$ cat model34.cif   # mmCIF, C-alpha atoms
data_my_file
#
loop_
_atom_site.label_atom_id
_atom_site.label_comp_id
_atom_site.auth_asym_id
_atom_site.auth_seq_id
_atom_site.Cartn_x
_atom_site.Cartn_y
_atom_site.Cartn_z
CA GLU A 6 0.00 0.00 0.00
CA ASP A 7 1.32 3.42 -0.94
CA LYS A 8 2.18 5.48 2.11
CA VAL A 9 3.64 8.88 3.01
CA VAL A 10 4.49 9.72 6.61
CA GLN A 11 5.41 13.17 7.87
CA SER A 12 7.05 14.13 11.14
CA PRO A 13 6.62 15.87 13.40
CA LEU A 14 2.86 16.29 13.15
CA SER A 15 3.03 19.55 15.05
CA LEU A 16 5.85 21.96 15.80
CA VAL A 17 5.95 25.25 17.71
CA VAL A 18 9.04 27.45 17.51
CA HIS A 19 10.05 31.05 18.01
CA GLU A 20 10.52 33.54 15.22
CA GLY A 21 14.06 33.34 13.89
CA ASP A 22 14.49 29.63 14.58
CA THR A 23 15.37 27.11 11.88
CA VAL A 24 13.05 24.14 11.39
CA THR A 25 13.35 20.83 9.57
CA LEU A 26 10.28 18.93 8.46
CA ASN A 27 10.52 15.28 7.50
CA CYS A 28 8.75 13.15 4.94
CA SER A 29 9.21 9.44 4.23
CA TYR A 30 7.44 7.61 1.45
CA GLU A 31 6.67 4.24 -0.08
CA VAL A 32 4.95 4.70 -3.45
CA THR A 33 4.62 2.41 -6.46
CA ASN A 34 6.61 3.62 -9.48
CA PHE A 35 7.81 6.72 -7.70
CA ARG A 36 8.21 9.75 -9.94
CA SER A 37 8.65 12.80 -7.71
CA LEU A 38 8.17 14.29 -4.25
CA LEU A 39 6.20 17.50 -3.80
CA TRP A 40 5.89 19.97 -0.95
CA TYR A 41 2.91 22.25 -0.40
CA LYS A 42 2.07 25.00 2.07
CA GLN A 43 -1.50 25.25 3.32
CA GLU A 44 -2.47 28.42 5.15
CA LYS A 45 -6.17 29.19 5.06
CA LYS A 46 -7.58 26.82 2.50
CA ALA A 47 -5.99 25.62 -0.74
CA PRO A 48 -2.52 24.06 -0.64
CA THR A 49 -0.01 26.05 -2.66
CA PHE A 50 2.91 24.42 -4.42
CA LEU A 51 6.43 24.91 -3.04
CA PHE A 52 8.80 22.38 -4.57
CA MET A 53 8.95 19.31 -6.75
CA LEU A 54 11.97 17.01 -6.37
CA THR A 55 12.83 14.23 -8.77
CA SER A 56 16.55 13.62 -8.29
CA SER A 57 18.44 12.62 -5.18
CA GLY A 58 20.84 15.01 -3.56
CA ILE A 59 19.92 18.10 -5.54
CA GLU A 60 18.71 20.87 -3.28
CA LYS A 61 15.81 23.04 -4.37
CA LYS A 62 15.84 26.50 -2.83
CA SER A 63 13.43 29.41 -2.69
CA GLY A 64 14.38 32.21 -0.35
CA ARG A 65 14.51 30.83 3.19
CA LEU A 66 13.00 27.50 2.17
CA SER A 67 14.97 24.57 0.82
CA SER A 68 14.31 20.91 0.23
CA ILE A 69 16.22 17.80 -0.71
CA LEU A 70 15.32 14.24 -1.68
CA ASP A 71 17.03 10.94 -0.86
CA LYS A 72 15.68 8.27 -3.20
CA LYS A 73 17.80 5.54 -1.66
CA GLU A 74 16.44 6.07 1.85
CA LEU A 75 13.01 7.19 0.57
CA PHE A 76 12.73 10.49 2.38
CA SER A 77 12.77 14.21 1.92
CA ILE A 78 13.27 17.17 4.22
CA LEU A 79 12.02 20.73 4.05
CA ASN A 80 14.14 23.34 5.82
CA ILE A 81 13.00 26.81 6.76
CA THR A 82 15.62 29.19 8.09
CA ALA A 83 15.07 32.45 10.01
CA THR A 84 11.38 31.60 10.44
CA GLN A 85 8.76 34.34 10.41
CA THR A 86 5.19 34.36 11.72
CA GLY A 87 4.02 34.21 8.10
CA ASP A 88 5.56 30.75 7.83
CA SER A 89 2.90 29.42 10.19
CA ALA A 90 0.92 26.89 8.15
CA ILE A 91 0.38 23.20 7.51
CA TYR A 92 3.13 21.79 5.32
CA LEU A 93 2.10 18.86 3.16
CA CYS A 94 4.34 16.35 1.52
CA ALA A 95 3.09 14.26 -1.42
CA ALA A 96 4.72 11.46 -3.39
CA ARG A 97 3.81 11.15 -7.04
CA GLY A 98 3.62 7.64 -8.42
CA PHE A 99 2.37 6.21 -11.63
CA GLN A 100 -0.19 3.42 -11.81
CA GLY A 101 -1.69 3.95 -15.25
CA ALA A 102 -2.14 7.57 -14.31
CA GLN A 103 -0.58 10.19 -12.11
CA LYS A 104 -1.35 9.62 -8.47
CA LEU A 105 -0.44 11.87 -5.56
CA VAL A 106 -0.28 10.29 -2.11
CA PHE A 107 -0.25 12.84 0.70
CA GLY A 108 1.16 12.65 4.19
CA GLN A 109 -0.78 13.83 7.24
CA GLY A 110 0.86 17.21 7.20
CA THR A 111 3.00 19.08 9.73
CA ARG A 112 1.32 21.98 11.52
CA LEU A 113 4.02 24.61 12.05
CA THR A 114 3.40 27.51 14.43
CA ILE A 115 5.86 30.38 14.65
CA ASN A 116 5.53 32.49 17.80
CA PRO A 117 6.80 36.09 17.79
CA GLU B 30 -5.54 33.90 -14.53
CA ALA B 31 -4.88 30.18 -14.24
CA GLN B 32 -7.22 28.72 -11.65
CA VAL B 33 -9.34 25.87 -10.38
CA THR B 34 -12.79 27.01 -9.28
CA GLN B 35 -14.98 25.07 -6.90
CA ASN B 36 -18.55 25.83 -5.90
CA PRO B 37 -20.01 26.14 -3.40
CA ARG B 38 -17.34 27.11 -0.87
CA TYR B 39 -19.56 26.19 2.08
CA LEU B 40 -22.51 23.82 2.22
CA ILE B 41 -24.67 22.50 5.03
CA THR B 42 -27.09 19.78 4.04
CA VAL B 43 -29.18 17.01 5.53
CA THR B 44 -28.58 13.28 5.36
CA GLY B 45 -29.79 11.75 2.13
CA LYS B 46 -30.25 14.93 0.10
CA LYS B 47 -28.33 14.61 -3.16
CA LEU B 48 -25.75 17.31 -3.84
CA THR B 49 -23.16 18.23 -6.44
CA VAL B 50 -19.94 20.16 -5.94
CA THR B 51 -18.69 21.67 -9.17
CA CYS B 52 -15.06 22.02 -10.25
CA SER B 53 -13.76 23.83 -13.28
CA GLN B 54 -10.20 24.53 -14.49
CA ASN B 55 -9.04 26.89 -17.23
CA MET B 56 -5.58 25.45 -17.85
CA ASN B 57 -6.51 22.70 -20.30
CA HIS B 58 -5.15 20.12 -17.85
CA GLU B 59 -5.87 16.48 -18.64
CA TYR B 60 -5.70 15.23 -15.05
CA MET B 61 -8.27 16.17 -12.42
CA SER B 62 -8.82 14.77 -8.94
CA TRP B 63 -11.02 15.12 -5.90
CA TYR B 64 -9.60 14.91 -2.37
CA ARG B 65 -11.08 15.10 1.06
CA GLN B 66 -9.13 16.47 4.02
CA ASP B 67 -9.85 15.35 7.55
CA PRO B 68 -7.88 16.21 10.72
CA GLY B 69 -4.96 13.86 11.25
CA LEU B 70 -5.52 12.07 7.94
CA GLY B 71 -4.15 14.53 5.42
CA LEU B 72 -5.54 14.65 1.90
CA ARG B 73 -7.07 11.43 0.59
CA GLN B 74 -7.95 10.93 -3.04
CA ILE B 75 -11.61 10.17 -3.78
CA TYR B 76 -11.67 9.91 -7.58
CA TYR B 77 -9.45 11.00 -10.41
CA SER B 78 -9.78 11.48 -14.14
CA MET B 79 -7.08 11.11 -16.76
CA ASN B 80 -9.09 12.78 -19.50
CA VAL B 81 -12.61 13.21 -20.86
CA GLU B 82 -14.78 10.15 -20.14
CA VAL B 83 -11.91 8.44 -18.26
CA THR B 84 -12.33 8.25 -14.50
CA ASP B 85 -11.20 5.87 -11.78
CA LYS B 86 -11.51 5.34 -8.05
CA GLY B 87 -9.02 6.76 -5.63
CA ASP B 88 -8.47 5.59 -2.07
CA VAL B 89 -11.85 6.56 -0.56
CA PRO B 90 -14.50 6.40 -3.34
CA GLU B 91 -17.43 4.96 -1.37
CA GLY B 92 -20.46 7.25 -1.39
CA TYR B 93 -19.20 9.45 -4.23
CA LYS B 94 -19.64 9.67 -7.99
CA VAL B 95 -17.90 11.75 -10.61
CA SER B 96 -18.19 12.47 -14.31
CA ARG B 97 -15.91 14.06 -16.91
CA LYS B 98 -17.97 15.03 -19.91
CA GLU B 99 -15.82 18.07 -20.72
CA LYS B 100 -12.13 18.56 -20.17
CA ARG B 101 -12.54 21.61 -17.95
CA ASN B 102 -15.25 20.27 -15.59
CA PHE B 103 -15.13 17.50 -13.00
CA PRO B 104 -18.17 17.55 -10.67
CA LEU B 105 -18.34 15.51 -7.48
CA ILE B 106 -21.73 13.98 -6.73
CA LEU B 107 -22.96 12.72 -3.38
CA GLU B 108 -26.13 10.76 -4.15
CA SER B 109 -27.10 10.20 -0.51
CA PRO B 110 -24.80 12.16 1.81
CA SER B 111 -24.15 10.88 5.31
CA PRO B 112 -22.58 12.61 8.34
CA ASN B 113 -19.28 10.76 7.82
CA GLN B 114 -18.89 12.70 4.58
CA THR B 115 -18.60 15.93 6.54
CA SER B 116 -15.19 17.16 5.44
CA LEU B 117 -13.17 19.72 3.51
CA TYR B 118 -13.09 18.84 -0.18
CA PHE B 119 -10.53 19.92 -2.75
CA CYS B 120 -10.52 19.62 -6.49
CA ALA B 121 -7.13 19.66 -8.21
CA SER B 122 -5.83 19.59 -11.77
CA SER B 123 -2.46 18.86 -13.34
CA SER B 124 -0.85 17.89 -16.62
CA THR B 125 2.07 15.82 -17.81
CA THR B 126 4.06 19.00 -18.39
CA ARG B 127 2.96 20.58 -15.07
CA PRO B 128 2.59 17.60 -12.72
CA GLU B 129 2.29 19.72 -9.59
CA ALA B 130 -1.36 19.83 -8.68
CA PHE B 131 -3.24 23.12 -8.76
CA PHE B 132 -5.93 23.18 -6.09
CA GLY B 133 -9.30 24.84 -5.88
CA GLN B 134 -10.19 26.89 -2.81
CA GLY B 135 -11.99 24.04 -1.14
CA THR B 136 -15.58 23.23 -0.20
CA ARG B 137 -16.46 22.86 3.46
CA LEU B 138 -19.31 20.34 3.57
CA THR B 139 -21.36 19.60 6.68
CA VAL B 140 -23.94 16.80 6.61
CA VAL B 141 -26.37 16.82 9.54
#
$ encode --input "model34.cif" --output "structure tokens"
Amino acid sequence: EDKVVQSPLSLVVHEGDTVTLNCSYEVTNFRSLLWYKQEKKAPTFLFMLTSSGIEKKSGRLSSILDKKELFSILNITATQTGDSAIYLCAARGFQGAQKLVFGQGTRLTINP
Amino acid sequence: EAQVTQNPRYLITVTGKKLTVTCSQNMNHEYMSWYRQDPGLGLRQIYYSMNVEVTDKGDVPEGYKVSRKEKRNFPLILESPSPNQTSLYFCASSSTTRPEAFFGQGTRLTVV
């Protein structure tokens, strides 16, 4: 059964801290790993990773994939209150069609 | 503006009263999916469609129906809603060239 597990499920830190969110996956015919940020309603796309060891970076956010160990991490440096959100990890497989399997999400709270 | 539009955004209904949640995308994407999001469970796929007239069950299809008569539209039908279908629903679309899913704003459904 395809599965994506995120940890921690909840994290509370102070503004300025650095956080690392984890995502492990087991997906048939794995194609890529995606990260989303969900604030109020709709998840918004952050990164898509397809190759091991290549870091994707956008401002204070970065992510990397390890296809051998089947996990990915999302790092956020110098956190701000606007980073408070649920962060979703999804593994894209292929079983006759594209299929995204989501983890439970990590609820990140940044306190001023 | 590229977008996925869901309607309604909020809906309260009674057990057994048929309802339809509409979803429309303007990006000419071939793939469309419906997800439900429940606390602690993340996003779970209900149904997906690879193209017009091609649909298939996701992980939690019981109690739902879909159709894909036009490429842009992918309505979700609850023939006889029950309280366990109270949830936040998302429609998403993607393509082979843009595999990251674009999400609608969500529909908060309450079945009493």
$ residues_around --input "model34.cif" --residues "Pro48 in chain A" --least-positions-apart "2" --cutoff "10 Å" --atoms "all atoms listed in the file" --output "ChimeraX atom specification"
/A:40-46,50-51,90-93 /B:119,121,130-135
$ atom_distance --input "model34.cif" --atom1 "CA of Gln74 in chain B" --atom2 "CA of Cys94 in chain A"
14.2 Å
$ interface_residues --input "model34.cif" --of "chain B" --to "chain A" --cutoff "10 Å" --atoms "only C-alpha atoms" --output "NGL selection string"
:B and (60-62 or 66-74 or 77-79 or 85 or 87-88 or 117-121 or 123-125 or 128-137)
$ closest_residue --input "model34.cif" --among "B:His58, B:Arg97, B:Arg127, B:Lys46" --to "Pro112 in chain B" --atoms "only C-alpha atoms"
B:Lys46
$ residues_around --input "model34.cif" --residues "Phe35 in chain A" --least-positions-apart "5" --cutoff "10 Å" --atoms "all atoms listed in the file" --output "ChimeraX atom specification"
/A:7,30,55,72,75,96-100,104-105
$ residues_around --input "model34.cif" --residues "range 16-29 of chain A" --least-positions-apart "3" --cutoff "7 Å" --atoms "all atoms listed in the file" --output "PDB file with C-alpha atoms, keeping the file's coordinate frame"
ATOM      1  CA  VAL A   9       3.640   8.880   3.010  1.00  0.00           C
ATOM      2  CA  VAL A  10       4.490   9.720   6.610  1.00  0.00           C
ATOM      3  CA  GLN A  11       5.410  13.170   7.870  1.00  0.00           C
ATOM      4  CA  SER A  12       7.050  14.130  11.140  1.00  0.00           C
ATOM      5  CA  PRO A  13       6.620  15.870  13.400  1.00  0.00           C
ATOM      6  CA  LEU A  75      13.010   7.190   0.570  1.00  0.00           C
ATOM      7  CA  PHE A  76      12.730  10.490   2.380  1.00  0.00           C
ATOM      8  CA  SER A  77      12.770  14.210   1.920  1.00  0.00           C
ATOM      9  CA  ILE A  78      13.270  17.170   4.220  1.00  0.00           C
ATOM     10  CA  LEU A  79      12.020  20.730   4.050  1.00  0.00           C
ATOM     11  CA  ASN A  80      14.140  23.340   5.820  1.00  0.00           C
ATOM     12  CA  ILE A  81      13.000  26.810   6.760  1.00  0.00           C
ATOM     13  CA  THR A  82      15.620  29.190   8.090  1.00  0.00           C
ATOM     14  CA  ALA A  83      15.070  32.450  10.010  1.00  0.00           C
ATOM     15  CA  THR A  84      11.380  31.600  10.440  1.00  0.00           C
ATOM     16  CA  GLN A  85       8.760  34.340  10.410  1.00  0.00           C
ATOM     17  CA  THR A  86       5.190  34.360  11.720  1.00  0.00           C
ATOM     18  CA  CYS A  94       4.340  16.350   1.520  1.00  0.00           C
ATOM     19  CA  ARG A 112       1.320  21.980  11.520  1.00  0.00           C
ATOM     20  CA  LEU A 113       4.020  24.610  12.050  1.00  0.00           C
ATOM     21  CA  THR A 114       3.400  27.510  14.430  1.00  0.00           C
ATOM     22  CA  ILE A 115       5.860  30.380  14.650  1.00  0.00           C
ATOM     23  CA  ASN A 116       5.530  32.490  17.800  1.00  0.00           C
ATOM     24  CA  PRO A 117       6.800  36.090  17.790  1.00  0.00           C
TER      25      PRO A 117
END
$ resolve_selection --input "model34.cif" --expression "the PyMOL selection byres ((chain B and resi 99) around 12)" --output "ChimeraX atom specification"
/B:52-55,57-61,78-83,96-98,100-104
$ atom_distance --input "model34.cif" --atom1 "CA of Tyr64 in chain B" --atom2 "CA of Ser122 in chain B"
11.2 Å
$ atom_distance --input "model34.cif" --atom1 "CA of Gly64 in chain A" --atom2 "CA of Ser15 in chain A"
22.9 Å
$ residues_around --input "model34.cif" --residues "Glu60 in chain A" --least-positions-apart "2" --cutoff "10 Å" --atoms "all atoms listed in the file" --output "tab-separated table (two decimals) with C-alpha atoms, in the frame of the given file"
chain	number	residue	atom	x	y	z
A	54	LEU	CA	11.97	17.01	-6.37
A	56	SER	CA	16.55	13.62	-8.29
A	57	SER	CA	18.44	12.62	-5.18
A	58	GLY	CA	20.84	15.01	-3.56
A	62	LYS	CA	15.84	26.50	-2.83
A	67	SER	CA	14.97	24.57	0.82
A	68	SER	CA	14.31	20.91	0.23
A	69	ILE	CA	16.22	17.80	-0.71
A	70	LEU	CA	15.32	14.24	-1.68
A	78	ILE	CA	13.27	17.17	4.22
A	79	LEU	CA	12.02	20.73	4.05
$ resolve_selection --input "model34.cif" --expression "the PyMOL selection byres ((chain B and resi 41) around 6)" --output "list in words"
Leu40, Thr42, Leu138, Thr139 and Val140 of chain B
$ axis_aligned_box --input "model34.cif" --around "range 86-91 of chain A" --padding-each-side "4 Å" --output "lines of an AutoDock Vina configuration file"
center_x = 3.0
center_y = 28.8
center_z = 9.6
size_x = 13.2
size_y = 19.2
size_z = 12.2
$ resolve_selection --input "model34.cif" --expression "the PyMOL selection byres ((chain B and resi 107-110) around 9)" --output "NGL selection string"
:B and (42-50 or 92-95 or 105-106 or 111-115 or 140)
$ build_atoms --input "model34.cif" --residues "range 92-118 of chain B" --atoms "N, CA, C and O atoms" --output "compact mmCIF listing (two decimals), in the frame of the given file"
# COMPACT_ATOMS: atom_id res chain seq x y z
N GLY B 92 -19.50 6.18 -1.65
CA GLY B 92 -20.46 7.25 -1.39
C GLY B 92 -20.35 8.42 -2.34
O GLY B 92 -21.09 9.39 -2.20
N TYR B 93 -19.42 8.34 -3.29
CA TYR B 93 -19.20 9.45 -4.23
C TYR B 93 -19.31 8.97 -5.68
O TYR B 93 -19.08 7.81 -5.97
N LYS B 94 -19.67 9.91 -6.54
CA LYS B 94 -19.64 9.67 -7.99
C LYS B 94 -19.02 10.87 -8.65
O LYS B 94 -19.07 11.98 -8.11
N VAL B 95 -18.46 10.65 -9.83
CA VAL B 95 -17.90 11.75 -10.61
C VAL B 95 -18.26 11.54 -12.07
O VAL B 95 -18.69 10.47 -12.47
N SER B 96 -18.07 12.59 -12.86
CA SER B 96 -18.19 12.47 -14.31
C SER B 96 -17.22 13.45 -14.95
O SER B 96 -16.84 14.45 -14.35
N ARG B 97 -16.81 13.15 -16.18
CA ARG B 97 -15.91 14.06 -16.91
C ARG B 97 -16.37 14.10 -18.36
O ARG B 97 -15.84 13.45 -19.24
N LYS B 98 -17.39 14.91 -18.57
CA LYS B 98 -17.97 15.03 -19.91
C LYS B 98 -17.22 16.08 -20.74
O LYS B 98 -17.22 16.03 -21.97
N GLU B 99 -16.63 17.03 -20.05
CA GLU B 99 -15.82 18.07 -20.72
C GLU B 99 -14.48 18.12 -20.01
O GLU B 99 -14.38 17.83 -18.82
N LYS B 100 -13.47 18.55 -20.74
CA LYS B 100 -12.13 18.56 -20.17
C LYS B 100 -12.03 19.49 -18.97
O LYS B 100 -11.30 19.23 -18.02
N ARG B 101 -12.71 20.61 -19.00
CA ARG B 101 -12.54 21.61 -17.95
C ARG B 101 -13.33 21.30 -16.68
O ARG B 101 -13.02 21.84 -15.62
N ASN B 102 -14.35 20.46 -16.73
CA ASN B 102 -15.25 20.27 -15.59
C ASN B 102 -15.16 18.86 -15.01
O ASN B 102 -15.09 17.86 -15.76
N PHE B 103 -15.23 18.79 -13.69
CA PHE B 103 -15.13 17.50 -13.00
C PHE B 103 -15.98 17.56 -11.73
O PHE B 103 -15.47 17.73 -10.63
N PRO B 104 -17.30 17.44 -11.85
CA PRO B 104 -18.17 17.55 -10.67
C PRO B 104 -18.10 16.32 -9.77
O PRO B 104 -17.90 15.20 -10.24
N LEU B 105 -18.28 16.58 -8.49
CA LEU B 105 -18.34 15.51 -7.48
C LEU B 105 -19.78 15.41 -7.00
O LEU B 105 -20.38 16.40 -6.59
N ILE B 106 -20.32 14.20 -7.06
CA ILE B 106 -21.73 13.98 -6.73
C ILE B 106 -21.84 13.08 -5.51
O ILE B 106 -21.20 12.02 -5.45
N LEU B 107 -22.63 13.54 -4.54
CA LEU B 107 -22.96 12.72 -3.38
C LEU B 107 -24.44 12.38 -3.49
O LEU B 107 -25.29 13.24 -3.30
N GLU B 108 -24.74 11.14 -3.88
CA GLU B 108 -26.13 10.76 -4.15
C GLU B 108 -26.97 10.75 -2.86
O GLU B 108 -28.12 11.16 -2.86
N SER B 109 -26.38 10.27 -1.78
CA SER B 109 -27.10 10.20 -0.51
C SER B 109 -26.11 10.50 0.62
O SER B 109 -25.60 9.59 1.27
N PRO B 110 -25.84 11.79 0.84
CA PRO B 110 -24.80 12.16 1.81
C PRO B 110 -25.10 11.64 3.22
O PRO B 110 -26.27 11.57 3.65
N SER B 111 -24.02 11.32 3.92
CA SER B 111 -24.15 10.88 5.31
C SER B 111 -23.19 11.71 6.17
O SER B 111 -22.25 12.33 5.64
N PRO B 112 -23.42 11.77 7.47
CA PRO B 112 -22.58 12.61 8.34
C PRO B 112 -21.09 12.30 8.25
O PRO B 112 -20.27 13.20 8.44
N ASN B 113 -20.71 11.06 7.92
CA ASN B 113 -19.28 10.76 7.82
C ASN B 113 -18.64 11.34 6.56
O ASN B 113 -17.43 11.19 6.34
N GLN B 114 -19.43 11.99 5.73
CA GLN B 114 -18.89 12.70 4.58
C GLN B 114 -18.69 14.19 4.87
O GLN B 114 -18.31 14.95 3.98
N THR B 115 -18.95 14.58 6.10
CA THR B 115 -18.60 15.93 6.54
C THR B 115 -17.09 16.07 6.47
O THR B 115 -16.35 15.31 7.09
N SER B 116 -16.63 17.05 5.67
CA SER B 116 -15.19 17.16 5.44
C SER B 116 -14.90 18.42 4.64
O SER B 116 -15.81 19.15 4.23
N LEU B 117 -13.62 18.66 4.40
CA LEU B 117 -13.17 19.72 3.51
C LEU B 117 -12.74 19.06 2.21
O LEU B 117 -11.87 18.18 2.22
N TYR B 118 -13.34 19.48 1.11
CA TYR B 118 -13.09 18.84 -0.18
C TYR B 118 -12.30 19.77 -1.10
O TYR B 118 -12.57 20.97 -1.18
